[in-house]
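Asker: Take a look at this one; I'll ask things after.
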Protein chains: 2
Amino acid sequence: MRATTIHAPGDIRLEERPVPSITEPTQAVVRVVAGCVCGSDLWPYRGENPIDAGSTIGHECVGVIEEVGKDVRDFRPGDFVIVPFVHCDNTCPHCVAGMTSACVHQGFTASGQAEYSLVHQADGSLIKTDGMPDDSLIPSLLTLSDVMATGWHAAVAAGVQPGSTAVVVGDGAVGLCGVLAAAELGAERVVAMSRHEPRQKIAERFGATHVVAERGEEGEQRVLDLTDGVGADAVLECVGTDGAIKTAFKVARPGSTVGFVGVPHGVELPVRRMFQRNVGLAGGIAPVRTYLPDLLDRVLEGRIEPGLVFDLTLPLDDVAEAYRAMDERRAIKVMLRP
Amino acid sequence: MRATTIHAPGDIRLEERPVPSITEPTQAVVRVVAGCVCGSDLWPYRGENPIDAGSTIGHECVGVIEEVGKDVRDFRPGDFVIVPFVHCDNTCPHCVAGMTSACVHQGFTASGQAEYSLVHQADGSLIKTDGMPDDSLIPSLLTLSDVMATGWHAAVAAGVQPGSTAVVVGDGAVGLCGVLAAAELGAERVVAMSRHEPRQKIAERFGATHVVAERGEEGEQRVLDLTDGVGADAVLECVGTDGAIKTAFKVARPGSTVGFVGVPHGVELPVRRMFQRNVGLAGGIAPVRTYLPDLLDRVLEGRIEPGLVFDLTLPLDDVAEAYRAMDERRAIKVMLRP
């Protein structure tokens with residue numbers, strides 16, 4: 001099959017790799033209908049994460065079941081499924097408590113930017129649609145494998161309540177999905193911190209009531225002014241850098257929580273400020289499977305259209321260009337069709 | 001008046017100082033009936049915090065109103081009051097949201113180990129009893145000015161739920177009050193991490209169902225074994241050192257929260273572990289006034305007796321010995337009577 005591989009910073013290739021084969025009876029192989037590039041894929045692409053040269057990359061996809069292991073009961077070849085990037089058995093104590101991303105049988109999608117992908121714990125991880133969805137739904141369904149569920153997790157972790165003021169730090173695809181999540185969860189005011197006009201427009205379409213284009217101290221002051229100096233009731237940190245985290249804590253009101261979902265890189269948490277102002281931190285790797293049934297309903301009922309984060313679609317053959325477009329911020333998020 | 005002062009690490013003196021005078025119409029002066037030494041007083045005593053040589057020290061007390069400013073309406077001379085160590089107007093947005101320790105008119109008790117103490121924002125901060133309480137109640141009432149409210153905050157911040165398993169890291173007076181709080185909030189299992197037999201006994205009296213005497217990795221493994229490898233539903237961090245924080249995160253189950261109330265000293269939060277396991281952090285300076293009405297009811301109804309943390313009572317004149325006894329761990333917490 002054709003699969004995306006990474007060899008060095010900036011070196012993304014489409015290469016031939018064997019179709020994944022089932023080695024455990026709980027696994028399934030999915031033929032990828034659509035995959036995409038994640039902001040976190042840019043960390044190794046930019047040389048910020050170590051690279052295992054020649055390994056496949058890409059962890060978001062939707063597709064059609066090709067083959068299932070003998071213990072898989074709920075899925076059969078031909079089913080259209082959403083593949084959470086983190087796999088789980090959905091029965092262990094962590095899963096039962098809703099923390100499916102910490103499953104004792106945790107696994108990850110390893111070839112989402114490819115023709116086929118292997119799913120561990122298929123019964124626990126996957127969710128299917130009734131029949132093949134309309135092609136117009138594919139972008140939104142694809143976001144449920146990671147980015148929309150991750151934005152949702154930021155809002156849940158931050159404790160967004162109806163009527164509250166939520167601030168979203170970061171205008172990448174996760175941040176935009178965080179805006180959508182905060183609005184869906186009933187925030188009365190959703191402040192998107194975003195410098196880029198195309199992203200501001202999507203943020204507003206997703207429910208942002210205010211856009212703050214300034215960054216650093218100036219942006220923080222804008223948010224404080226908007227809240228009469230009190231600070232936000234909930235803050236979604238959707239970047240993962242030290243600067244974004246510091247801004248998140250600066251704009252959070254005492255007693256509130258920063259929900260963080262950006263993989264932390266070089267972050268030093270401001271522990272004394274957190275203590276003095278009673279601002280908590282919650283979040284982490286999104287328990288995608290936990291949120292999937294609810295999010296799927298919202299998409300199928302047309303209440304949310306998170307697929308709008310895809311502003312570029314390319315054939316899988318052009319995956320290297322997909323990375324370049326995102327790295328150079330020419331695209332918010334790129335969908336790939338094999 | 002006689003007041004406790006600190007001049008250098010280990011140098012605690014009882015000296016003559018002017019009785020505090022009212023400079024704002026919202027203030028009150030309290031004649032101290034009982035004060036005490038806090039674990040956090042030991043930080044400067046041990047040279048871990050900077051010292052303003054000759055300044056008064058001590059922030060916990062109960063007493064009788066001596067004088068009130070002209071804007072104080074709810075209190076009058078002769079009222080017996082509990083003085084939260086952090087003062088608040090109880091009307092600002094932070095106070096209304098329950099985060100009284102972040103009040104825009106925040107103030108602190110500065111001479112709790114003395115004959116008199118000044119209270120800022122008396123109407124917002126204080127709470128009084130009906131008449132003079134029996135002397136047997138003084139220790140428990142005194143704990144409400146800080147240590148019991150702080151242990152309570154740890155349990156609330158950690159999200160202790162009925163039927164849950166809570167772990168308390170630290171067996172100082174705050175940790176012991178955290179045990180009591182977790183039990184009162186309905187935890188089915190309360191694990192006290194404590195090496196010292198007298199403290200273990202109080203922990204058990206306060207509701208600890210398990211005591212783990214081991215520290216470090218061994219202690220962490222004991223807690224994990226107790227929870228079938230899952231980890232605790234809620235963890236109360238009541239020390240403030242890096243080691244205690246690390247232990248707290250090691251024993252917390254995915255999706256849970258570490259409630260921290262020990263003033264952080266040299267703490268580096270394990271941000272990647274927090275992210276990978278979705279373990280949050282909440283807490284900080286306890287909003288004492290917020291909890292006071294409820295805690296006072298519990299004490300007056302005899303449901304809790306947090307005053308048991310005082311295992312030594314000394315006259316104020318012996319304050320230097322009080323510090324030595326706590327520093328050398330000969331006493332858990334020392335009450336001082338002027």
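Going by the structure tokens order, chains are called A, B, ..., each with residues numbered from 1, while ligands are numbered from 1 in the order shown.
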Report as a PyMOL selection string: the residues of segment 70-273 of chain A with a DSSP assignment of strand (DSSP E), based on the backbone of this structure.
Answerer: chain A and resi 80-83+86-87+107-108+116-119+127-128+165-169+189-193+210-212+232-237+252-260
Asker: Where in segment 73-168 of chain B does DSSP assign helix (DSSP H, G or I), given as a PDB file with N, CA, C and O atoms, in the first residue's frame?
Answerer:
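Resulting contents of out.pdb:
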```pdb
ATOM      1  N   PRO B  93     -16.355  40.221  42.849  1.00  0.00           N
ATOM      2  CA  PRO B  93     -16.682  39.082  41.971  1.00  0.00           C
ATOM      3  C   PRO B  93     -16.001  37.774  42.373  1.00  0.00           C
ATOM      4  O   PRO B  93     -16.594  36.697  42.260  1.00  0.00           O
ATOM      5  N   HIS B  94     -14.763  37.847  42.832  1.00  0.00           N
ATOM      6  CA  HIS B  94     -14.084  36.608  43.239  1.00  0.00           C
ATOM      7  C   HIS B  94     -14.748  36.023  44.485  1.00  0.00           C
ATOM      8  O   HIS B  94     -14.945  34.809  44.580  1.00  0.00           O
ATOM      9  N   CYS B  95     -15.080  36.883  45.443  1.00  0.00           N
ATOM     10  CA  CYS B  95     -15.745  36.409  46.663  1.00  0.00           C
ATOM     11  C   CYS B  95     -17.106  35.796  46.329  1.00  0.00           C
ATOM     12  O   CYS B  95     -17.450  34.715  46.821  1.00  0.00           O
ATOM     13  N   VAL B  96     -17.868  36.491  45.486  1.00  0.00           N
ATOM     14  CA  VAL B  96     -19.200  35.998  45.131  1.00  0.00           C
ATOM     15  C   VAL B  96     -19.103  34.623  44.462  1.00  0.00           C
ATOM     16  O   VAL B  96     -19.963  33.765  44.624  1.00  0.00           O
ATOM     17  N   THR B 100     -12.848  33.520  47.923  1.00  0.00           N
ATOM     18  CA  THR B 100     -12.602  34.649  48.818  1.00  0.00           C
ATOM     19  C   THR B 100     -11.118  34.925  49.056  1.00  0.00           C
ATOM     20  O   THR B 100     -10.762  36.039  49.446  1.00  0.00           O
ATOM     21  N   SER B 101     -10.265  33.924  48.827  1.00  0.00           N
ATOM     22  CA  SER B 101      -8.828  34.162  49.049  1.00  0.00           C
ATOM     23  C   SER B 101      -8.212  34.997  47.933  1.00  0.00           C
ATOM     24  O   SER B 101      -7.052  35.390  48.028  1.00  0.00           O
ATOM     25  N   ALA B 102      -8.977  35.272  46.873  1.00  0.00           N
ATOM     26  CA  ALA B 102      -8.481  36.129  45.788  1.00  0.00           C
ATOM     27  C   ALA B 102      -9.211  37.470  45.787  1.00  0.00           C
ATOM     28  O   ALA B 102      -9.221  38.173  44.778  1.00  0.00           O
ATOM     29  N   ALA B 122     -13.467  43.668  58.095  1.00  0.00           N
ATOM     30  CA  ALA B 122     -14.013  42.867  59.201  1.00  0.00           C
ATOM     31  C   ALA B 122     -15.370  42.262  58.855  1.00  0.00           C
ATOM     32  O   ALA B 122     -15.613  41.079  59.109  1.00  0.00           O
ATOM     33  N   ASP B 123     -16.267  43.049  58.266  1.00  0.00           N
ATOM     34  CA  ASP B 123     -17.602  42.511  57.956  1.00  0.00           C
ATOM     35  C   ASP B 123     -17.526  41.334  56.990  1.00  0.00           C
ATOM     36  O   ASP B 123     -18.298  40.385  57.091  1.00  0.00           O
ATOM     37  N   GLY B 124     -16.629  41.415  56.020  1.00  0.00           N
ATOM     38  CA  GLY B 124     -16.527  40.335  55.045  1.00  0.00           C
ATOM     39  C   GLY B 124     -15.790  39.129  55.560  1.00  0.00           C
ATOM     40  O   GLY B 124     -16.092  37.994  55.177  1.00  0.00           O
ATOM     41  N   SER B 125     -14.831  39.366  56.452  1.00  0.00           N
ATOM     42  CA  SER B 125     -13.911  38.292  56.830  1.00  0.00           C
ATOM     43  C   SER B 125     -14.370  37.464  58.018  1.00  0.00           C
ATOM     44  O   SER B 125     -14.214  36.238  58.032  1.00  0.00           O
ATOM     45  N   ASP B 135     -14.397  26.776  76.710  1.00  0.00           N
ATOM     46  CA  ASP B 135     -12.954  26.706  76.457  1.00  0.00           C
ATOM     47  C   ASP B 135     -12.550  25.412  75.727  1.00  0.00           C
ATOM     48  O   ASP B 135     -11.564  25.389  74.998  1.00  0.00           O
ATOM     49  N   SER B 136     -13.354  24.370  75.935  1.00  0.00           N
ATOM     50  CA  SER B 136     -13.015  23.094  75.279  1.00  0.00           C
ATOM     51  C   SER B 136     -13.161  23.173  73.762  1.00  0.00           C
ATOM     52  O   SER B 136     -12.614  22.356  73.024  1.00  0.00           O
ATOM     53  N   LEU B 137     -13.903  24.167  73.294  1.00  0.00           N
ATOM     54  CA  LEU B 137     -14.100  24.316  71.850  1.00  0.00           C
ATOM     55  C   LEU B 137     -13.014  25.158  71.185  1.00  0.00           C
ATOM     56  O   LEU B 137     -12.899  25.172  69.953  1.00  0.00           O
ATOM     57  N   ILE B 138     -12.250  25.876  71.990  1.00  0.00           N
ATOM     58  CA  ILE B 138     -11.278  26.820  71.422  1.00  0.00           C
ATOM     59  C   ILE B 138     -10.329  26.143  70.416  1.00  0.00           C
ATOM     60  O   ILE B 138     -10.119  26.673  69.314  1.00  0.00           O
ATOM     61  N   PRO B 139      -9.757  24.972  70.738  1.00  0.00           N
ATOM     62  CA  PRO B 139      -8.818  24.392  69.757  1.00  0.00           C
ATOM     63  C   PRO B 139      -9.472  24.155  68.388  1.00  0.00           C
ATOM     64  O   PRO B 139      -8.903  24.510  67.357  1.00  0.00           O
ATOM     65  N   SER B 140     -10.650  23.579  68.387  1.00  0.00           N
ATOM     66  CA  SER B 140     -11.299  23.312  67.101  1.00  0.00           C
ATOM     67  C   SER B 140     -11.677  24.596  66.379  1.00  0.00           C
ATOM     68  O   SER B 140     -11.523  24.702  65.157  1.00  0.00           O
ATOM     69  N   LEU B 141     -12.165  25.587  67.136  1.00  0.00           N
ATOM     70  CA  LEU B 141     -12.508  26.868  66.500  1.00  0.00           C
ATOM     71  C   LEU B 141     -11.256  27.522  65.905  1.00  0.00           C
ATOM     72  O   LEU B 141     -11.297  28.098  64.814  1.00  0.00           O
ATOM     73  N   LEU B 142     -10.145  27.390  66.644  1.00  0.00           N
ATOM     74  CA  LEU B 142      -8.897  27.986  66.159  1.00  0.00           C
ATOM     75  C   LEU B 142      -8.464  27.363  64.831  1.00  0.00           C
ATOM     76  O   LEU B 142      -7.950  28.060  63.951  1.00  0.00           O
ATOM     77  N   THR B 143      -8.697  26.061  64.670  1.00  0.00           N
ATOM     78  CA  THR B 143      -8.275  25.425  63.402  1.00  0.00           C
ATOM     79  C   THR B 143      -9.030  25.986  62.202  1.00  0.00           C
ATOM     80  O   THR B 143      -8.560  25.877  61.073  1.00  0.00           O
ATOM     81  N   VAL B 147      -5.938  25.952  59.316  1.00  0.00           N
ATOM     82  CA  VAL B 147      -5.505  24.583  59.020  1.00  0.00           C
ATOM     83  C   VAL B 147      -6.659  23.658  58.626  1.00  0.00           C
ATOM     84  O   VAL B 147      -6.548  22.887  57.667  1.00  0.00           O
ATOM     85  N   MET B 148      -7.776  23.750  59.320  1.00  0.00           N
ATOM     86  CA  MET B 148      -8.898  22.877  58.948  1.00  0.00           C
ATOM     87  C   MET B 148      -9.500  23.321  57.617  1.00  0.00           C
ATOM     88  O   MET B 148      -9.845  22.504  56.763  1.00  0.00           O
ATOM     89  N   ALA B 149      -9.620  24.631  57.429  1.00  0.00           N
ATOM     90  CA  ALA B 149     -10.171  25.135  56.173  1.00  0.00           C
ATOM     91  C   ALA B 149      -9.239  24.793  55.011  1.00  0.00           C
ATOM     92  O   ALA B 149      -9.691  24.534  53.885  1.00  0.00           O
ATOM     93  N   THR B 150      -7.956  24.759  55.291  1.00  0.00           N
ATOM     94  CA  THR B 150      -6.986  24.435  54.244  1.00  0.00           C
ATOM     95  C   THR B 150      -7.050  22.948  53.888  1.00  0.00           C
ATOM     96  O   THR B 150      -7.027  22.576  52.711  1.00  0.00           O
ATOM     97  N   GLY B 151      -7.154  22.090  54.891  1.00  0.00           N
ATOM     98  CA  GLY B 151      -7.343  20.658  54.600  1.00  0.00           C
ATOM     99  C   GLY B 151      -8.643  20.423  53.845  1.00  0.00           C
ATOM    100  O   GLY B 151      -8.715  19.600  52.929  1.00  0.00           O
ATOM    101  N   TRP B 152      -9.660  21.171  54.224  1.00  0.00           N
ATOM    102  CA  TRP B 152     -10.959  21.070  53.531  1.00  0.00           C
ATOM    103  C   TRP B 152     -10.806  21.485  52.065  1.00  0.00           C
ATOM    104  O   TRP B 152     -11.346  20.836  51.165  1.00  0.00           O
ATOM    105  N   HIS B 153     -10.069  22.559  51.852  1.00  0.00           N
ATOM    106  CA  HIS B 153      -9.863  23.037  50.480  1.00  0.00           C
ATOM    107  C   HIS B 153      -9.145  21.977  49.642  1.00  0.00           C
ATOM    108  O   HIS B 153      -9.474  21.781  48.462  1.00  0.00           O
ATOM    109  N   ALA B 154      -8.192  21.288  50.240  1.00  0.00           N
ATOM    110  CA  ALA B 154      -7.492  20.230  49.505  1.00  0.00           C
ATOM    111  C   ALA B 154      -8.480  19.164  49.038  1.00  0.00           C
ATOM    112  O   ALA B 154      -8.424  18.698  47.894  1.00  0.00           O
ATOM    113  N   ALA B 155      -9.391  18.801  49.924  1.00  0.00           N
ATOM    114  CA  ALA B 155     -10.366  17.752  49.581  1.00  0.00           C
ATOM    115  C   ALA B 155     -11.365  18.240  48.535  1.00  0.00           C
ATOM    116  O   ALA B 155     -11.718  17.508  47.609  1.00  0.00           O
ATOM    117  N   VAL B 156     -11.794  19.474  48.675  1.00  0.00           N
ATOM    118  CA  VAL B 156     -12.728  20.041  47.686  1.00  0.00           C
ATOM    119  C   VAL B 156     -12.042  20.178  46.327  1.00  0.00           C
ATOM    120  O   VAL B 156     -12.594  19.804  45.287  1.00  0.00           O
ATOM    121  N   ALA B 157     -10.813  20.704  46.340  1.00  0.00           N
ATOM    122  CA  ALA B 157     -10.083  20.905  45.084  1.00  0.00           C
ATOM    123  C   ALA B 157      -9.805  19.564  44.402  1.00  0.00           C
ATOM    124  O   ALA B 157      -9.843  19.464  43.175  1.00  0.00           O
TER     125      ALA B 157
END
```
Asker: Using only C-alpha atoms, determine which residues lie at most 7 Å from segment 161-177 of chain B, disregarding the query and same-chain residues fewer than 4 positions distant; provide the list as a ChimeraX atom specification.
Answerer: /B:147-148,150-152,181-182,185-194,199,203,232-239,244,248,306,309,332-333
Asker: Do me a favour and pick out the residues of chain A within 9 Å of chain B, using only C-alpha atoms, as a PyMOL selection string.
Answerer: chain A and resi 93-94+97-99+101-102+157+230+253-257+260-265+267-272+274-286
Asker: Between B:Ala320, B:Ala325, B:Val68, B:Ala3, which residue has the minimum interatomic distance to Ala114 of chain B, considering only C-alpha atoms?
Answerer: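 Of B:Ala320, B:Ala325, B:Val68, B:Ala3, the one nearest Ala114 of chain B is B:Ala3, counting only C-alpha atoms.
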Asker: For Asn49 of chain B, which residue among B:Cys88, B:Phe249, B:Pro9, B:Glu115 is the nearest when counting only C-alpha atoms?
Answerer: B:Pro9
Asker: For Glu15 of chain A, list every protein, DNA or RNA residue within 7 Å, evaluated using only C-alpha atoms, and leave out those in the same chain fewer than 5 positions away; present the list as a PDB file with C-alpha atoms, in the first residue's frame.
Answerer:
```pdb
ATOM      1  CA  ARG A   2       0.969   3.655  -0.234  1.00  0.00           C
ATOM      2  CA  ALA A   3       1.804   5.080   3.175  1.00  0.00           C
ATOM      3  CA  THR A   4       3.205   8.371   4.416  1.00  0.00           C
ATOM      4  CA  THR A   5       6.605   8.090   6.068  1.00  0.00           C
TER       5      THR A   5
END
```
Asker: I'd like the neighbourhood of Ile127 of chain B as a PyMOL selection string, where a residue qualifies if any of its atoms comes within 10 Å (using only C-alpha atoms), though same-chain residues fewer than 3 positions away should be ignored.
Answerer: chain B and resi 74-75+79-84+122-124+289+292-293+296
Asker: Would you mind exporting C-alpha atoms of the selected residues as a PDB file, in the first residue's frame?
Answerer:
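What landed in selection.pdb:
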```
ATOM      1  CA  ASP B  74     -21.998  43.268  61.841  1.00  0.00           C
ATOM      2  CA  PHE B  75     -19.551  43.117  64.751  1.00  0.00           C
ATOM      3  CA  ASP B  79     -18.039  39.429  70.005  1.00  0.00           C
ATOM      4  CA  PHE B  80     -16.071  36.185  69.871  1.00  0.00           C
ATOM      5  CA  VAL B  81     -14.786  35.745  66.319  1.00  0.00           C
ATOM      6  CA  ILE B  82     -12.836  33.375  64.150  1.00  0.00           C
ATOM      7  CA  VAL B  83     -10.296  35.273  62.070  1.00  0.00           C
ATOM      8  CA  PRO B  84      -9.559  33.722  58.663  1.00  0.00           C
ATOM      9  CA  ALA B 122     -14.013  42.867  59.201  1.00  0.00           C
ATOM     10  CA  ASP B 123     -17.602  42.511  57.956  1.00  0.00           C
ATOM     11  CA  GLY B 124     -16.527  40.335  55.045  1.00  0.00           C
ATOM     12  CA  ARG B 289     -14.184  32.492  54.629  1.00  0.00           C
ATOM     13  CA  LEU B 292     -16.325  28.964  57.495  1.00  0.00           C
ATOM     14  CA  PRO B 293     -20.114  28.837  58.032  1.00  0.00           C
ATOM     15  CA  LEU B 296     -18.347  26.174  62.152  1.00  0.00           C
TER      16      LEU B 296
END
```
Asker: Report the distance between atom CA of Leu295 of chain A and atom CA of Ala183 of chain A in Å, rounded to one decimal place.
Answerer: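 Straight-line distance from atom CA of Leu295 of chain A to atom CA of Ala183 of chain A works out to 13.7 Å.
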Asker: What is the distance, in Å and to one decimal place, between atom CA of Pro20 of chain B and atom CA of Val119 of chain B?
Answerer: 9.6 Å
Asker: At a cut-off of 10 Å, using only C-alpha atoms, what residues contact Glu214 of chain A? Leave out same-chain residues fewer than 6 positions from it and give the result as a count of residues only.
Answerer: 7
Asker: Can you work out which one of B:Leu224, B:Val288, B:Ile202, B:Val64 has the shortest atom-to-atom distance to Asn90 of chain B, counting only C-alpha atoms?
Answerer: B:Val288
Asker: What's the 10 Å shell around Gly54 of chain B, counting only C-alpha atoms, without same-chain residues fewer than 2 positions away, as a list of chain:residue names?
Answerer: B:Thr4, B:Thr5, B:Ile6, B:His7, B:Ala8, B:Asp11, B:Ile12, B:Arg13, B:Glu15, B:Ile51, B:Asp52, B:Thr56, B:Ile57
Asker: Name the closest residue to Leu180 of chain B among the candidates B:Lys128, B:Arg205, B:Lys250, B:Arg329; distances are taken between atoms, counting only C-alpha atoms.
Answerer: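 Smallest separation from Leu180 of chain B among the options: B:Arg205.
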